[in-house]
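Here is the structure we will look at.
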Amino acid sequence: MINALQSEIGINVIASIIASLVFLAAGFVWGTYKERRRKFGRNLEEYDFYPFTVSRENFGEFSLKDFRLGMHYFLKNEDHTAARQLIFIGEQNNVRTQLEPAEQKVYAQLFDKYQGKKIADDTHEFLENYERIVRLIGKSFPSTGIEILLHNLADPAHSLVALENNVTGRHLRDGTTNLLIDLKRRENEDKLNYELNIGARKFKCTTIPIKRKEFGIVGAICINVDANYLTEDVMKSQERIEAFFKNLCRTDMQLDENILSKDEYAKALKGKRHFKDEAF
């Protein structure tokens with residue numbers, strides 16, 4: 001009986017030690033998480049005063065009112081990530097000239113508190129390769145009514161940084177759209193393959209968010225197909241259809257390379273013409 005009692009006590013002691021270790025580990029993880037949140041904070045769009053609103057025409061506009069709210073909030077409550085994002089957006093929109101003299105002093109305090117002089121937003125550098133991808137894809141399909149562009153969401157008021165095959169009439173450094181601001185707020189949602197009807201214009205659109213682990217959504221690649229151009233202009237005659245497909249299939253060079261699987265390669269050598277060739 002003594003042995004059984006000793007065994008039970010031993011089991012209880014071990015269980016207590018294990019439980020203590022679990023609680024210790026949980027406390028450490030929670031403390032680390034809270035410290036990271038305190039040090040790095042949240043993204044600015046998670047706050048209600050994200051300083052961009054949408055006009056009646058669905059254009060993104062810098063909101064000085066919300067910027068002021070954020071400015072005062074981050075002076076009293078620390079959030080290094082969101083506050084520095086706010087400063088970056090303020091500098092991009094020349095906020096110093098828009099603030100009253102008293103508010104300029106408040107902004108100067110915010111700027112000093114979060115080391116504004118050292119803020120170097122590297123989102124543009126991060127997106128440089130995406131700019132190249134957009135340019136190369138766009139140049140591969142000229143005069144097809146298929147527009148491809150890139151938005152840099154670090155500066156929503158001047159977000160359009162790459163644009164090929166323009167069908168929407170926009171220009172580089174134009175602001176973002178309501179969709180992209182909404183997409184930035186709804187980080188885990190993809191909005192792909194949707195229809196837009198604007199007056200007499202009709203588009204098939206695709207929006208592909210670009211994410212960075214530490215910042216969330218920082219940009220978006222958008223593809224806009226001018227549906228009316230394809231259905232009303234291209235389809236008007238055989239000649240225009242042929243011209244469209246010549247542009248679509250146009251190449252700059254010919255390479256000796258295999259992109260097929262072994263099975264498809266063998267079928268191609270036997271005469272298979274395309275992926276839906278019913279003869280194979």
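So you can find residues: chains in the structure tokens are A, B, ... in the order shown, residues in each start at 1, and ligands are numbered from 1 in order.
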| task | Any chance you could list, as number ranges by chain, the residues in region 15-253 of chain A that come up alpha helix (DSSP H) when DSSP is run on the backbone? | result | A: 15-40, 64-76, 80-92, 101-113, 123-140, 178-185, 227-228, 238-249
Mind dumping a table of every region 110-200 of chain A residue within 6 Å of region 210-225 of chain A, with the nearest atom pair and its distance in Å to one decimal, using only C-alpha atoms, sorted by chain and rising number, as a Markdown table?
```
| residue | atom | partner | partner_atom | distance |
| --- | --- | --- | --- | --- |
| A:Gly145 | CA | A:Val225 | CA | 5.9 |
| A:Ile146 | CA | A:Val225 | CA | 4.6 |
| A:Glu147 | CA | A:Asn224 | CA | 5.0 |
| A:Ile148 | CA | A:Ile223 | CA | 4.5 |
| A:Leu149 | CA | A:Cys222 | CA | 5.3 |
| A:Leu150 | CA | A:Ile221 | CA | 4.6 |
| A:His151 | CA | A:Gly219 | CA | 5.2 |
| A:Asn152 | CA | A:Gly219 | CA | 4.6 |
| A:Leu153 | CA | A:Gly219 | CA | 5.0 |
| A:Lys184 | CA | A:Ile217 | CA | 5.8 |
```
| message | Which residues are close to Gly70 (chain A), i.e. within 12 Å by only C-alpha atoms, leaving aside same-chain residues fewer than 6 positions away? Reply as a list in words. | response | Leu44, Glu45, Glu46, Tyr47, Asp48, Phe49, Tyr50, Pro51, Phe52, Ser63, Leu64, Lys76, Asn77, Glu78, Asp79, Ala82, Ala83, Arg84, Gln85, Leu86, Ile87, Ile89, Gly90, Val106, Tyr107 and Leu110 of chain A
May I have the selected residues written with N, CA and C atoms, as a PDB file, in the first residue's frame?
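File result_7.pdb, as written:
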```pdb
ATOM      1  N   LEU A  44      -1.994  50.161 -40.165  1.00  0.00           N
ATOM      2  CA  LEU A  44      -2.815  51.361 -40.037  1.00  0.00           C
ATOM      3  C   LEU A  44      -4.253  51.131 -40.460  1.00  0.00           C
ATOM      4  N   GLU A  45      -4.472  50.297 -41.478  1.00  0.00           N
ATOM      5  CA  GLU A  45      -5.840  50.100 -41.965  1.00  0.00           C
ATOM      6  C   GLU A  45      -6.714  49.358 -40.970  1.00  0.00           C
ATOM      7  N   GLU A  46      -6.120  48.808 -39.910  1.00  0.00           N
ATOM      8  CA  GLU A  46      -6.920  48.150 -38.884  1.00  0.00           C
ATOM      9  C   GLU A  46      -7.624  49.157 -37.969  1.00  0.00           C
ATOM     10  N   TYR A  47      -7.230  50.422 -38.053  1.00  0.00           N
ATOM     11  CA  TYR A  47      -7.854  51.465 -37.237  1.00  0.00           C
ATOM     12  C   TYR A  47      -8.996  52.129 -38.012  1.00  0.00           C
ATOM     13  N   ASP A  48      -9.973  52.636 -37.279  1.00  0.00           N
ATOM     14  CA  ASP A  48     -11.121  53.300 -37.901  1.00  0.00           C
ATOM     15  C   ASP A  48     -10.736  54.598 -38.589  1.00  0.00           C
ATOM     16  N   PHE A  49      -9.607  55.193 -38.187  1.00  0.00           N
ATOM     17  CA  PHE A  49      -9.204  56.474 -38.770  1.00  0.00           C
ATOM     18  C   PHE A  49      -8.180  56.305 -39.895  1.00  0.00           C
ATOM     19  N   TYR A  50      -8.218  55.167 -40.585  1.00  0.00           N
ATOM     20  CA  TYR A  50      -7.357  55.016 -41.764  1.00  0.00           C
ATOM     21  C   TYR A  50      -7.611  56.214 -42.681  1.00  0.00           C
ATOM     22  N   PRO A  51      -6.567  56.994 -43.013  1.00  0.00           N
ATOM     23  CA  PRO A  51      -6.783  58.332 -43.596  1.00  0.00           C
ATOM     24  C   PRO A  51      -7.103  58.370 -45.091  1.00  0.00           C
ATOM     25  N   PHE A  52      -7.963  57.462 -45.542  1.00  0.00           N
ATOM     26  CA  PHE A  52      -8.426  57.519 -46.920  1.00  0.00           C
ATOM     27  C   PHE A  52      -9.905  57.211 -46.956  1.00  0.00           C
ATOM     28  N   SER A  63      -7.805  61.739 -46.413  1.00  0.00           N
ATOM     29  CA  SER A  63      -8.710  62.338 -45.435  1.00  0.00           C
ATOM     30  C   SER A  63      -7.908  63.041 -44.348  1.00  0.00           C
ATOM     31  N   LEU A  64      -7.879  64.371 -44.388  1.00  0.00           N
ATOM     32  CA  LEU A  64      -7.141  65.134 -43.385  1.00  0.00           C
ATOM     33  C   LEU A  64      -7.776  64.961 -42.007  1.00  0.00           C
ATOM     34  N   LYS A  76      -0.637  59.618 -27.886  1.00  0.00           N
ATOM     35  CA  LYS A  76      -1.027  59.122 -26.563  1.00  0.00           C
ATOM     36  C   LYS A  76      -0.883  57.602 -26.449  1.00  0.00           C
ATOM     37  N   ASN A  77      -0.996  56.897 -27.570  1.00  0.00           N
ATOM     38  CA  ASN A  77      -0.949  55.429 -27.562  1.00  0.00           C
ATOM     39  C   ASN A  77       0.112  54.952 -28.554  1.00  0.00           C
ATOM     40  N   GLU A  78       1.064  54.176 -28.071  1.00  0.00           N
ATOM     41  CA  GLU A  78       2.164  53.759 -28.926  1.00  0.00           C
ATOM     42  C   GLU A  78       1.763  52.628 -29.869  1.00  0.00           C
ATOM     43  N   ASP A  79       2.106  52.784 -31.116  1.00  0.00           N
ATOM     44  CA  ASP A  79       1.990  51.733 -32.126  1.00  0.00           C
ATOM     45  C   ASP A  79       2.976  52.103 -33.224  1.00  0.00           C
ATOM     46  N   ALA A  82       1.786  51.267 -37.145  1.00  0.00           N
ATOM     47  CA  ALA A  82       0.722  52.114 -37.690  1.00  0.00           C
ATOM     48  C   ALA A  82       1.121  53.581 -37.701  1.00  0.00           C
ATOM     49  N   ALA A  83       1.799  54.049 -36.643  1.00  0.00           N
ATOM     50  CA  ALA A  83       2.184  55.461 -36.572  1.00  0.00           C
ATOM     51  C   ALA A  83       3.161  55.817 -37.676  1.00  0.00           C
ATOM     52  N   ARG A  84       4.103  54.916 -37.960  1.00  0.00           N
ATOM     53  CA  ARG A  84       5.080  55.197 -39.021  1.00  0.00           C
ATOM     54  C   ARG A  84       4.426  55.134 -40.396  1.00  0.00           C
ATOM     55  N   GLN A  85       3.432  54.247 -40.555  1.00  0.00           N
ATOM     56  CA  GLN A  85       2.676  54.218 -41.806  1.00  0.00           C
ATOM     57  C   GLN A  85       1.899  55.520 -41.987  1.00  0.00           C
ATOM     58  N   LEU A  86       1.343  56.028 -40.878  1.00  0.00           N
ATOM     59  CA  LEU A  86       0.605  57.293 -40.931  1.00  0.00           C
ATOM     60  C   LEU A  86       1.534  58.435 -41.339  1.00  0.00           C
ATOM     61  N   ILE A  87       2.729  58.466 -40.764  1.00  0.00           N
ATOM     62  CA  ILE A  87       3.706  59.511 -41.099  1.00  0.00           C
ATOM     63  C   ILE A  87       4.090  59.417 -42.571  1.00  0.00           C
ATOM     64  N   ILE A  89       2.333  58.217 -45.092  1.00  0.00           N
ATOM     65  CA  ILE A  89       1.222  58.700 -45.919  1.00  0.00           C
ATOM     66  C   ILE A  89       1.117  60.219 -45.828  1.00  0.00           C
ATOM     67  N   GLY A  90       1.329  60.758 -44.620  1.00  0.00           N
ATOM     68  CA  GLY A  90       1.283  62.209 -44.452  1.00  0.00           C
ATOM     69  C   GLY A  90       2.333  62.915 -45.279  1.00  0.00           C
ATOM     70  N   VAL A 106       1.891  69.595 -33.333  1.00  0.00           N
ATOM     71  CA  VAL A 106       1.518  68.251 -32.893  1.00  0.00           C
ATOM     72  C   VAL A 106       2.140  67.210 -33.822  1.00  0.00           C
ATOM     73  N   TYR A 107       2.076  67.487 -35.121  1.00  0.00           N
ATOM     74  CA  TYR A 107       2.658  66.562 -36.092  1.00  0.00           C
ATOM     75  C   TYR A 107       4.172  66.458 -35.912  1.00  0.00           C
ATOM     76  N   LEU A 110       4.805  64.079 -33.169  1.00  0.00           N
ATOM     77  CA  LEU A 110       4.605  62.711 -33.646  1.00  0.00           C
ATOM     78  C   LEU A 110       5.798  62.263 -34.494  1.00  0.00           C
TER      79      LEU A 110
END
```
| request: Write out as a PyMOL selection string each polymer residue whose atoms come within 8 Å of Lys204 (chain A), counting only C-alpha atoms; drop sequence neighbours fewer than 6 positions from it. | output: chain A and resi 193-196+224-227
| said: Need the shell around Pro142 (chain A): protein/DNA/RNA residues with any atom at most 8 Å away, counting only C-alpha atoms. Skip same-chain ones fewer than 2 positions apart. Format as a VMD selection string? | reply: chain A and resid 138 to 140 144 to 146 165 247 to 248
For those residues, write N, CA and C atoms to a file as a PDB file, in the first residue's frame.
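File written: again.pdb
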```pdb
ATOM      1  N   GLY A 138       2.208  42.949 -70.167  1.00  0.00           N
ATOM      2  CA  GLY A 138       1.454  43.894 -70.982  1.00  0.00           C
ATOM      3  C   GLY A 138       2.006  44.019 -72.389  1.00  0.00           C
ATOM      4  N   LYS A 139       3.319  44.078 -72.505  1.00  0.00           N
ATOM      5  CA  LYS A 139       3.943  44.224 -73.825  1.00  0.00           C
ATOM      6  C   LYS A 139       3.817  42.951 -74.662  1.00  0.00           C
ATOM      7  N   SER A 140       3.501  41.831 -74.024  1.00  0.00           N
ATOM      8  CA  SER A 140       3.316  40.580 -74.756  1.00  0.00           C
ATOM      9  C   SER A 140       1.949  40.502 -75.432  1.00  0.00           C
ATOM     10  N   THR A 144      -4.894  44.539 -77.488  1.00  0.00           N
ATOM     11  CA  THR A 144      -5.871  43.456 -77.336  1.00  0.00           C
ATOM     12  C   THR A 144      -7.037  43.868 -76.443  1.00  0.00           C
ATOM     13  N   GLY A 145      -7.027  45.093 -75.908  1.00  0.00           N
ATOM     14  CA  GLY A 145      -8.070  45.519 -74.991  1.00  0.00           C
ATOM     15  C   GLY A 145      -7.918  44.924 -73.608  1.00  0.00           C
ATOM     16  N   ILE A 146      -6.721  44.391 -73.321  1.00  0.00           N
ATOM     17  CA  ILE A 146      -6.447  43.780 -72.020  1.00  0.00           C
ATOM     18  C   ILE A 146      -5.418  44.644 -71.291  1.00  0.00           C
ATOM     19  N   ASN A 165      -1.145  48.788 -71.864  1.00  0.00           N
ATOM     20  CA  ASN A 165      -2.348  48.584 -72.686  1.00  0.00           C
ATOM     21  C   ASN A 165      -3.550  49.332 -72.104  1.00  0.00           C
ATOM     22  N   ASN A 247      -2.207  39.888 -82.817  1.00  0.00           N
ATOM     23  CA  ASN A 247      -1.611  40.611 -81.686  1.00  0.00           C
ATOM     24  C   ASN A 247      -1.474  39.703 -80.466  1.00  0.00           C
ATOM     25  N   LEU A 248      -2.507  38.887 -80.242  1.00  0.00           N
ATOM     26  CA  LEU A 248      -2.507  38.000 -79.079  1.00  0.00           C
ATOM     27  C   LEU A 248      -1.384  36.966 -79.171  1.00  0.00           C
TER      28      LEU A 248
END
```
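Counting only C-alpha atoms and comparing A:Ala243, A:Gln92, A:His158, A:Ile137, the residue that lies closest to Arg170 (chain A) is A:His158.
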| request: May I ask which of the residues A:Glu61, A:Tyr73, A:Pro101, A:Phe141 is the closest one to Ser159 (chain A), counting only C-alpha atoms? | output: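 Closest candidate: A:Glu61.
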| task | Take CA of Glu128 (chain A) and CA of Asn43 (chain A) and report the distance between them in Å, one decimal. | result |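 Those two atoms sit 21.9 Å apart.
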| said: Which of region 84-223 of chain A end up as strand (DSSP E or B) when DSSP is run on this backbone - answer as an NGL selection string? | reply: :A and (146-152 or 160-164 or 177 or 194-198 or 201-212 or 216-223)
| remark: Judged by only C-alpha atoms, the minimum distance to Thr176 (chain A) among A:Lys113, A:Ala154, A:Asn258, A:Asp263 is found for A:Ala154
| said: Please report the interatomic distance between CA of Ala157 (chain A) and CA of Thr177 (chain A) in Å with one decimal. | reply: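 Separation of CA of Ala157 (chain A) and CA of Thr177 (chain A): 9.4 Å.
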| Do you have the CA of Lys272 (chain A)-CA of Asp256 (chain A) distance handy? | 18.2 Å
